[in-house]
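Chemist: Handing over protein32.txt, compact mmCIF, C-alpha atoms and all ligand atoms.
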# COMPACT_ATOMS: atom_id res chain seq x y z
CA MET A 111 49.81 37.67 29.00
CA ASP A 112 50.49 40.48 26.56
CA LYS A 113 48.65 43.70 27.23
CA PHE A 114 46.95 45.32 24.27
CA ILE A 115 45.56 48.79 23.59
CA ASP A 116 42.39 49.21 21.57
CA PHE A 117 42.31 52.60 19.85
CA HIS A 118 38.82 52.41 18.32
CA GLY A 119 35.53 51.44 20.00
CA HIS A 120 31.91 52.44 20.41
CA PHE A 121 31.36 51.17 23.93
CA LEU A 122 30.13 54.31 25.70
CA PRO A 123 26.51 53.64 26.65
CA ASN A 124 23.72 55.22 24.65
CA MET A 125 26.08 57.51 22.76
CA ASP A 126 25.93 56.41 19.11
CA ASP A 127 25.17 53.19 17.22
CA GLY A 128 27.34 51.27 19.70
CA CYS A 129 26.40 49.97 23.17
CA LYS A 130 22.81 50.74 24.04
CA ASN A 131 23.08 50.79 27.84
CA THR A 132 25.57 50.44 30.68
CA ALA A 133 24.94 46.68 31.03
CA GLU A 134 26.06 46.11 27.43
CA SER A 135 29.04 48.44 27.88
CA LEU A 136 30.18 46.62 31.02
CA GLU A 137 30.05 43.25 29.30
CA VAL A 138 31.96 44.55 26.26
CA LEU A 139 34.63 45.96 28.56
CA ARG A 140 34.78 42.82 30.71
CA GLN A 141 35.25 40.60 27.66
CA ALA A 142 37.94 42.90 26.28
CA ALA A 143 39.84 42.85 29.58
CA ALA A 144 39.55 39.05 29.72
CA GLN A 145 41.26 38.94 26.29
CA GLY A 146 44.18 40.96 27.64
CA VAL A 147 43.12 44.46 26.55
CA ALA A 148 44.67 46.84 29.06
CA ALA A 149 43.22 50.09 27.71
CA MET A 150 40.55 51.24 25.30
CA VAL A 151 39.91 54.58 23.67
CA ALA A 152 36.22 55.45 23.43
CA THR A 153 35.64 56.83 19.94
CA PRO A 154 31.93 57.60 19.48
CA HIS A 155 30.89 58.92 16.07
CA PHE A 156 30.98 62.68 15.66
CA TYR A 157 29.20 64.28 12.70
CA SER A 158 29.80 68.01 12.43
CA SER A 159 26.76 68.32 10.15
CA ARG A 160 24.48 67.15 12.96
CA GLU A 161 25.92 68.38 16.23
CA SER A 162 28.21 71.01 17.73
CA VAL A 163 31.44 69.97 19.40
CA ASP A 164 30.19 71.31 22.73
CA SER A 165 26.97 69.33 22.57
CA PHE A 166 28.88 66.17 21.63
CA LEU A 167 31.36 66.63 24.48
CA ALA A 168 28.57 67.18 27.01
CA ARG A 169 26.81 64.00 25.84
CA ARG A 170 30.09 62.09 25.91
CA GLN A 171 30.85 63.21 29.45
CA ALA A 172 27.37 62.22 30.68
CA SER A 173 27.72 58.81 29.05
CA TYR A 174 31.20 58.32 30.48
CA ASP A 175 30.05 59.34 33.98
CA ALA A 176 27.24 56.79 33.82
CA LEU A 177 29.72 54.14 32.72
CA LEU A 178 32.19 54.95 35.51
CA GLN A 179 29.42 54.71 38.06
CA ALA A 180 28.34 51.32 36.68
CA MET A 181 31.97 50.10 36.71
CA ALA A 182 32.36 51.21 40.34
CA SER A 183 29.37 49.04 41.25
CA LYS A 184 31.33 45.95 40.05
CA PRO A 185 34.51 46.10 42.14
CA ASP A 186 35.32 42.42 41.53
CA VAL A 187 35.34 42.72 37.73
CA VAL A 188 38.51 43.69 35.86
CA PHE A 189 37.95 46.41 33.26
CA PRO A 190 40.40 48.07 30.86
CA GLU A 191 41.49 51.65 31.45
CA ILE A 192 39.41 54.06 29.39
CA ARG A 193 40.43 57.21 27.55
CA LEU A 194 38.08 59.51 25.65
CA GLY A 195 38.18 60.38 21.98
CA ALA A 196 35.90 60.55 18.96
CA GLU A 197 35.63 59.14 15.47
CA VAL A 198 35.27 62.32 13.46
CA ALA A 199 33.49 61.89 10.14
CA TYR A 200 35.15 63.70 7.26
CA ARG A 201 33.19 66.44 5.52
CA PRO A 202 34.31 69.38 3.39
CA ASN A 203 36.05 72.07 5.47
CA ILE A 204 36.42 69.77 8.47
CA SER A 205 39.93 71.18 8.94
CA ARG A 206 38.36 74.56 9.77
CA LEU A 207 35.93 73.26 12.38
CA PRO A 208 36.29 75.33 15.56
CA ASP A 209 37.36 73.24 18.55
CA LEU A 210 38.45 70.31 16.39
CA GLU A 211 41.32 69.86 18.87
CA LYS A 212 38.84 68.97 21.60
CA LEU A 213 37.94 65.80 19.71
CA CYS A 214 41.46 64.38 19.78
CA MET A 215 42.16 61.24 21.77
CA ALA A 216 42.75 62.01 25.46
CA ASN A 217 43.78 65.66 24.90
CA SER A 218 46.60 64.57 22.62
CA ARG A 219 47.17 65.83 19.05
CA TYR A 220 45.89 62.57 17.52
CA LEU A 221 42.52 62.82 15.78
CA LEU A 222 40.69 59.67 14.64
CA LEU A 223 39.20 60.52 11.26
CA GLU A 224 36.62 58.47 9.37
CA LEU A 225 36.75 58.87 5.60
CA PRO A 226 33.69 58.53 3.35
CA PHE A 227 32.96 55.24 1.60
CA SER A 228 32.52 57.04 -1.71
CA ASP A 229 35.35 57.92 -4.08
CA TRP A 230 37.88 60.24 -2.53
CA THR A 231 38.46 63.70 -3.99
CA ASN A 232 41.58 65.83 -4.21
CA GLU A 233 39.78 68.34 -1.99
CA MET A 234 39.51 65.65 0.69
CA MET A 235 43.22 64.94 0.43
CA ARG A 236 43.96 68.67 0.87
CA GLU A 237 41.65 68.87 3.86
CA ILE A 238 43.43 65.97 5.54
CA GLN A 239 46.74 67.66 4.83
CA ASN A 240 45.34 70.85 6.38
CA ILE A 241 44.38 69.05 9.57
CA SER A 242 48.09 68.57 10.12
CA VAL A 243 49.53 71.66 8.39
CA ALA A 244 46.98 74.31 9.43
CA ARG A 245 45.79 72.82 12.73
CA GLY A 246 48.90 71.03 13.92
CA LEU A 247 47.02 67.80 14.58
CA ILE A 248 47.94 64.30 13.51
CA PRO A 249 45.14 62.54 11.63
CA VAL A 250 44.68 58.87 12.46
CA LEU A 251 42.88 57.29 9.52
CA ALA A 252 40.21 54.97 10.92
CA HIS A 253 40.01 51.41 9.60
CA LEU A 254 41.96 52.05 6.39
CA ASP A 255 41.48 48.35 5.61
CA ARG A 256 37.83 49.01 4.81
CA TYR A 257 38.48 51.24 1.79
CA MET A 258 40.64 49.05 -0.40
CA GLU A 259 37.76 47.96 -2.61
CA HIS A 260 36.51 51.46 -3.32
CA GLY A 261 38.84 52.39 -6.15
CA ASN A 262 40.97 54.56 -3.90
CA ARG A 263 44.16 52.57 -4.04
CA GLN A 264 46.26 55.39 -5.46
CA LYS A 265 45.14 57.78 -2.75
CA ILE A 266 45.75 55.12 -0.10
CA GLN A 267 49.34 55.00 -1.31
CA GLU A 268 49.51 58.82 -1.06
CA PHE A 269 48.41 58.60 2.58
CA PHE A 270 51.46 56.54 3.41
CA ARG A 271 53.62 59.48 2.29
CA MET A 272 51.74 61.97 4.49
CA ASP A 273 52.25 62.88 8.12
CA LEU A 274 49.50 60.76 9.60
CA LEU A 275 48.85 57.43 11.29
CA VAL A 276 47.05 54.40 9.97
CA GLN A 277 44.60 52.43 12.12
CA VAL A 278 43.36 49.03 11.01
CA ASN A 279 40.49 47.00 12.45
CA ALA A 280 41.27 43.64 14.05
CA GLU A 281 38.69 41.93 11.81
CA CYS A 282 40.96 42.63 8.85
CA PHE A 283 43.26 39.78 9.94
CA LEU A 284 40.44 37.30 10.50
CA SER A 285 39.43 36.54 6.91
CA PHE A 286 41.28 35.48 3.78
CA SER A 287 40.27 38.62 1.86
CA GLY A 288 41.10 40.80 4.87
CA ARG A 289 44.59 39.34 5.11
CA ARG A 290 45.08 40.01 1.41
CA THR A 291 44.12 43.65 2.05
CA ALA A 292 46.49 43.78 5.03
CA ARG A 293 49.36 42.48 2.92
CA LYS A 294 48.67 45.18 0.31
CA LEU A 295 48.62 47.91 2.95
CA LEU A 296 51.89 46.61 4.35
CA ARG A 297 53.48 46.82 0.92
CA TYR A 298 52.57 50.54 0.85
CA GLY A 299 53.75 51.36 4.38
CA SER A 300 53.24 50.59 8.03
CA ILE A 301 50.12 49.99 10.08
CA ASP A 302 50.48 51.95 13.31
CA LEU A 303 47.46 51.25 15.51
CA LEU A 304 44.82 48.57 15.93
CA GLY A 305 41.21 48.84 16.99
CA SER A 306 38.33 46.46 17.49
CA ASP A 307 35.75 49.06 16.39
CA CYS A 308 33.49 47.12 18.77
CA HIS A 309 29.86 48.21 18.92
CA ASN A 310 28.07 45.39 20.75
CA LEU A 311 28.24 41.76 21.89
CA THR A 312 27.02 40.17 18.68
CA SER A 313 27.84 41.42 15.19
CA ARG A 314 30.68 43.77 16.16
CA LYS A 315 32.07 42.47 19.41
CA PRO A 316 35.45 43.00 21.05
CA ASN A 317 37.91 40.98 18.95
CA LEU A 318 41.27 42.68 19.38
CA ALA A 319 43.04 39.64 20.86
CA GLU A 320 41.78 37.38 18.09
CA GLY A 321 43.00 39.86 15.49
CA ILE A 322 46.37 40.15 17.17
CA ARG A 323 46.84 36.37 17.18
CA ALA A 324 46.13 36.32 13.45
CA LEU A 325 48.48 39.25 12.83
CA GLN A 326 51.21 37.45 14.74
CA LYS A 327 51.04 34.72 12.10
CA LEU A 328 50.74 37.12 9.17
CA SER A 329 53.48 39.58 10.11
CA PRO A 330 55.26 39.36 13.47
CA GLN A 331 57.33 42.46 12.57
CA THR A 332 54.16 44.52 12.07
CA LEU A 333 52.80 43.37 15.41
CA HIS A 334 56.08 44.27 17.06
CA HIS A 335 55.93 47.80 15.57
CA ILE A 336 52.28 48.24 16.58
CA LYS A 337 52.91 47.13 20.16
CA HIS A 338 55.78 49.52 20.67
CA PHE A 339 54.11 52.38 18.86
CA SER A 340 50.82 51.90 20.74
CA ALA A 341 52.53 51.84 24.12
CA GLU A 342 54.50 55.02 23.36
CA LEU A 343 51.44 56.84 22.10
CA TYR A 344 49.35 55.76 25.06
CA ASP A 345 52.01 56.97 27.46
CA ASP A 346 51.62 60.43 25.90
CA PHE A 347 47.93 60.36 26.80
CA LYS A 348 48.62 60.46 30.55
FE FE A 401 34.05 53.11 14.28
Will you turn the file into structure tokens for me?
Ligand SMILES: [Fe+2]
Modeler:
Amino acid sequence: MDKFIDFHGHFLPNMDDGCKNTAESLEVLRQAAAQGVAAMVATPHFYSSRESVDSFLARRQASYDALLQAMASKPDVVFPEIRLGAEVAYRPNISRLPDLEKLCMANSRYLLLELPFSDWTNEMMREIQNISVARGLIPVLAHLDRYMEHGNRQKIQEFFRMDLLVQVNAECFLSFSGRRTARKLLRYGSIDLLGSDCHNLTSRKPNLAEGIRALQKLSPQTLHHIKHFSAELYDDFK
């Protein structure tokens, strides 16, 4: 069975709007592993308007510790490997946030960034540029597939010329309109990473394997690129 890496998920217990407790987290992780997911990056929401980086990291560590303890109590269950990250919500001046580096995935230089669902401004584009130019980090744009209908198409095309990575949610490949979006994105440039963006066991459950099967039919070359790119990036995490 192929081994997949999920770069976007809200499965840390009681951390954000994702899994509410360790029991739900364990079941999300068990189902993901059963689908062939070898590793998952925990990316709880971070809002710099609401919380300091230190407070967020302390909460994340406590949640992760509780999860590890719960996983250790189930020695017969196979779980994916877990790495820690964050889904950092864009806001003006985010590129100047002290300790932004600490929110990168697994102490790497890759920062998962969530853009607003309103129209994008030139200031936002400059801020994203500054995350790489001024801070030396590599923005990973979270679920770029979800913005296509917001009148931002021109800026989406600009992103593909910038030094950043594009993450797409698995659900994008599971509907007719999603596949149309995916084909448009692929005309602009490459999709680098996949995520389930899983939050729970019902409305937003682990679906990476399902998405990958659909992507295999849509664009085997893209899947090939994503697999190799994901494995290389993940190796850097260790
Ligand atoms: Fe998310």
Chemist: Using all atoms listed in the file, which of A:Ala196, A:Leu296, A:Val187, A:Leu251 sits nearest Arg140 of chain A?
Modeler: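 For Arg140 of chain A, the nearest of the given residues is A:Val187.
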Chemist: Have a look at A:Leu333, A:Leu325, A:Leu223, A:Ile301 and name the one nearest to Arg201 of chain A; count all atoms listed in the file.
Modeler: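 Looking at the shortest contact to Arg201 of chain A, the residue is A:Leu223.
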Chemist: Rounded to one decimal place, report the atom CA of Pro185 of chain A-atom CA of Cys308 of chain A distance in Å.
Modeler: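 Between these atoms lies a distance of 23.4 Å.
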Chemist: Show me which residues sit within 8 Å of ligand FE 401 (chain A) when counting all atoms listed in the file, and put them as a list in words.
Modeler: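 Listing the residues within 8 Å of ligand FE 401 (chain A) gives His118, Gly119, His120, Thr153, Pro154, His155, Glu197, Glu224, Ala252, His253, Asp307, Cys308 and His309 of chain A.
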Chemist: For Cys214 of chain A, work out the shell of residues within 12 Å, counting all atoms listed in the file and skipping chain neighbours fewer than 2 positions away, then give it as a ChimeraX atom specification.
Modeler: /A:117,151-154,156,163,167,193-198,209-212,216-223,241,245-250,347
Chemist: Please provide as a ChimeraX atom specification all residues within 7 Å of Ala280 of chain A, with the sequence filter that same-chain residues fewer than 6 positions apart are discarded (counting only C-alpha atoms).
Modeler: /A:304-306,317-318,321-322
Chemist: Please provide the set of residues having any atom within 12 Å of segment 262-265 of chain A, restricted to all atoms listed in the file, with same-chain residues fewer than 3 positions apart removed, written as a PyMOL selection string.
Modeler: chain A and resi 225-236+238+254-259+268-272+291+294-295+298
Chemist: Restricting it to C-alpha atoms, dump the selection as a short mmCIF file (atom, residue, chain, number, x, y, z; two decimals), keeping the file's coordinate frame.
Modeler:
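part23.cif was written with the following content:
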data_model
loop_
_atom_site.label_atom_id
_atom_site.label_comp_id
_atom_site.auth_asym_id
_atom_site.auth_seq_id
_atom_site.Cartn_x
_atom_site.Cartn_y
_atom_site.Cartn_z
CA LEU A 225 36.75 58.87 5.60
CA PRO A 226 33.69 58.53 3.35
CA PHE A 227 32.96 55.24 1.60
CA SER A 228 32.52 57.04 -1.71
CA ASP A 229 35.35 57.92 -4.08
CA TRP A 230 37.88 60.24 -2.53
CA THR A 231 38.46 63.70 -3.99
CA ASN A 232 41.58 65.83 -4.21
CA GLU A 233 39.78 68.34 -1.99
CA MET A 234 39.51 65.65 0.69
CA MET A 235 43.22 64.94 0.43
CA ARG A 236 43.96 68.67 0.87
CA ILE A 238 43.43 65.97 5.54
CA LEU A 254 41.96 52.05 6.39
CA ASP A 255 41.48 48.35 5.61
CA ARG A 256 37.83 49.01 4.81
CA TYR A 257 38.48 51.24 1.79
CA MET A 258 40.64 49.05 -0.40
CA GLU A 259 37.76 47.96 -2.61
CA GLU A 268 49.51 58.82 -1.06
CA PHE A 269 48.41 58.60 2.58
CA PHE A 270 51.46 56.54 3.41
CA ARG A 271 53.62 59.48 2.29
CA MET A 272 51.74 61.97 4.49
CA THR A 291 44.12 43.65 2.05
CA LYS A 294 48.67 45.18 0.31
CA LEU A 295 48.62 47.91 2.95
CA TYR A 298 52.57 50.54 0.85
#
Chemist: As a PyMOL selection string, please: the residues near His338 of chain A (cut-off 10 Å, all atoms listed in the file, same-chain neighbours under 5 positions excluded).
Modeler: chain A and resi 302-303+333+343-344
Chemist: Atom CA of Leu284 of chain A and atom CA of Ala324 of chain A, how far apart in Å?
Modeler: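 Between atom CA of Ala324 of chain A and atom CA of Leu284 of chain A the gap is 6.5 Å.
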Chemist: Just how far from atom CA of Ala319 of chain A is atom CA of His335 of chain A, in Å to one decimal?
Modeler: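 One can read the atom CA of His335 of chain A to atom CA of Ala319 of chain A distance as 16.1 Å.
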Chemist: Find, counting all atoms listed in the file, the residue in A:Gly288, A:Gly299, A:Pro123, A:Gly261 that gets nearest to Gln179 of chain A.
Modeler: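 Checking each candidate against Gln179 of chain A, we get A:Pro123 as the closest.
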Chemist: Kindly indicate which residue among A:Val278, A:Met215, A:Ala176, A:Ala292 lies nearest to Met150 of chain A, using only C-alpha atoms for the distances.
Modeler: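 The answer is A:Met215, which sits nearest to Met150 of chain A.
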Chemist: Any chance you could build segment 271-297 of chain A out to N, CA and C atoms and write it as a PDB file, keeping the file's coordinate frame?
Modeler:
ATOM      1  N   ARG A 271      52.531  58.496   2.409  1.00  0.00           N
ATOM      2  CA  ARG A 271      53.620  59.480   2.290  1.00  0.00           C
ATOM      3  C   ARG A 271      53.301  60.740   3.098  1.00  0.00           C
ATOM      4  N   MET A 272      52.137  60.772   3.739  1.00  0.00           N
ATOM      5  CA  MET A 272      51.740  61.970   4.490  1.00  0.00           C
ATOM      6  C   MET A 272      52.024  61.772   5.980  1.00  0.00           C
ATOM      7  N   ASP A 273      51.946  62.916   6.699  1.00  0.00           N
ATOM      8  CA  ASP A 273      52.250  62.880   8.120  1.00  0.00           C
ATOM      9  C   ASP A 273      50.980  62.506   8.888  1.00  0.00           C
ATOM     10  N   LEU A 274      50.694  61.234   8.902  1.00  0.00           N
ATOM     11  CA  LEU A 274      49.500  60.760   9.600  1.00  0.00           C
ATOM     12  C   LEU A 274      49.714  59.318  10.043  1.00  0.00           C
ATOM     13  N   LEU A 275      48.760  58.814  10.818  1.00  0.00           N
ATOM     14  CA  LEU A 275      48.850  57.430  11.290  1.00  0.00           C
ATOM     15  C   LEU A 275      47.739  56.595  10.656  1.00  0.00           C
ATOM     16  N   VAL A 276      47.998  55.322  10.566  1.00  0.00           N
ATOM     17  CA  VAL A 276      47.050  54.400   9.970  1.00  0.00           C
ATOM     18  C   VAL A 276      46.541  53.417  11.030  1.00  0.00           C
ATOM     19  N   GLN A 277      45.217  53.404  11.198  1.00  0.00           N
ATOM     20  CA  GLN A 277      44.600  52.430  12.120  1.00  0.00           C
ATOM     21  C   GLN A 277      43.874  51.375  11.289  1.00  0.00           C
ATOM     22  N   VAL A 278      44.015  50.137  11.698  1.00  0.00           N
ATOM     23  CA  VAL A 278      43.360  49.030  11.010  1.00  0.00           C
ATOM     24  C   VAL A 278      42.507  48.272  12.020  1.00  0.00           C
ATOM     25  N   ASN A 279      41.358  47.769  11.554  1.00  0.00           N
ATOM     26  CA  ASN A 279      40.490  47.000  12.450  1.00  0.00           C
ATOM     27  C   ASN A 279      40.986  45.557  12.581  1.00  0.00           C
ATOM     28  N   ALA A 280      40.809  45.008  13.773  1.00  0.00           N
ATOM     29  CA  ALA A 280      41.270  43.640  14.050  1.00  0.00           C
ATOM     30  C   ALA A 280      40.641  42.631  13.087  1.00  0.00           C
ATOM     31  N   GLU A 281      39.397  42.877  12.688  1.00  0.00           N
ATOM     32  CA  GLU A 281      38.690  41.930  11.810  1.00  0.00           C
ATOM     33  C   GLU A 281      39.422  41.711  10.486  1.00  0.00           C
ATOM     34  N   CYS A 282      40.230  42.704  10.106  1.00  0.00           N
ATOM     35  CA  CYS A 282      40.960  42.630   8.850  1.00  0.00           C
ATOM     36  C   CYS A 282      41.829  41.362   8.780  1.00  0.00           C
ATOM     37  N   PHE A 283      42.328  40.931   9.933  1.00  0.00           N
ATOM     38  CA  PHE A 283      43.260  39.780   9.940  1.00  0.00           C
ATOM     39  C   PHE A 283      42.532  38.449  10.081  1.00  0.00           C
ATOM     40  N   LEU A 284      41.194  38.513  10.171  1.00  0.00           N
ATOM     41  CA  LEU A 284      40.440  37.300  10.500  1.00  0.00           C
ATOM     42  C   LEU A 284      39.784  36.638   9.291  1.00  0.00           C
ATOM     43  N   SER A 285      39.992  37.190   8.105  1.00  0.00           N
ATOM     44  CA  SER A 285      39.430  36.540   6.910  1.00  0.00           C
ATOM     45  C   SER A 285      40.513  36.503   5.828  1.00  0.00           C
ATOM     46  N   PHE A 286      40.307  35.614   4.868  1.00  0.00           N
ATOM     47  CA  PHE A 286      41.280  35.480   3.780  1.00  0.00           C
ATOM     48  C   PHE A 286      41.392  36.792   3.004  1.00  0.00           C
ATOM     49  N   SER A 287      40.235  37.380   2.660  1.00  0.00           N
ATOM     50  CA  SER A 287      40.270  38.620   1.860  1.00  0.00           C
ATOM     51  C   SER A 287      40.842  39.768   2.698  1.00  0.00           C
ATOM     52  N   GLY A 288      40.548  39.763   3.999  1.00  0.00           N
ATOM     53  CA  GLY A 288      41.100  40.800   4.870  1.00  0.00           C
ATOM     54  C   GLY A 288      42.614  40.718   4.945  1.00  0.00           C
ATOM     55  N   ARG A 289      43.125  39.504   5.038  1.00  0.00           N
ATOM     56  CA  ARG A 289      44.590  39.340   5.110  1.00  0.00           C
ATOM     57  C   ARG A 289      45.254  39.767   3.799  1.00  0.00           C
ATOM     58  N   ARG A 290      44.549  39.548   2.690  1.00  0.00           N
ATOM     59  CA  ARG A 290      45.080  40.010   1.410  1.00  0.00           C
ATOM     60  C   ARG A 290      45.163  41.539   1.405  1.00  0.00           C
ATOM     61  N   THR A 291      44.116  42.180   1.921  1.00  0.00           N
ATOM     62  CA  THR A 291      44.120  43.650   2.050  1.00  0.00           C
ATOM     63  C   THR A 291      45.272  44.096   2.948  1.00  0.00           C
ATOM     64  N   ALA A 292      45.429  43.408   4.081  1.00  0.00           N
ATOM     65  CA  ALA A 292      46.490  43.780   5.030  1.00  0.00           C
ATOM     66  C   ALA A 292      47.856  43.686   4.359  1.00  0.00           C
ATOM     67  N   ARG A 293      48.065  42.634   3.588  1.00  0.00           N
ATOM     68  CA  ARG A 293      49.360  42.480   2.920  1.00  0.00           C
ATOM     69  C   ARG A 293      49.610  43.619   1.928  1.00  0.00           C
ATOM     70  N   LYS A 294      48.523  44.044   1.243  1.00  0.00           N
ATOM     71  CA  LYS A 294      48.670  45.180   0.310  1.00  0.00           C
ATOM     72  C   LYS A 294      49.043  46.443   1.076  1.00  0.00           C
ATOM     73  N   LEU A 295      48.327  46.714   2.158  1.00  0.00           N
ATOM     74  CA  LEU A 295      48.620  47.910   2.950  1.00  0.00           C
ATOM     75  C   LEU A 295      50.069  47.885   3.421  1.00  0.00           C
ATOM     76  N   LEU A 296      50.517  46.710   3.826  1.00  0.00           N
ATOM     77  CA  LEU A 296      51.890  46.610   4.350  1.00  0.00           C
ATOM     78  C   LEU A 296      52.937  46.777   3.257  1.00  0.00           C
ATOM     79  N   ARG A 297      52.534  46.542   2.013  1.00  0.00           N
ATOM     80  CA  ARG A 297      53.480  46.820   0.920  1.00  0.00           C
ATOM     81  C   ARG A 297      53.616  48.333   0.720  1.00  0.00           C
TER      82      ARG A 297
END
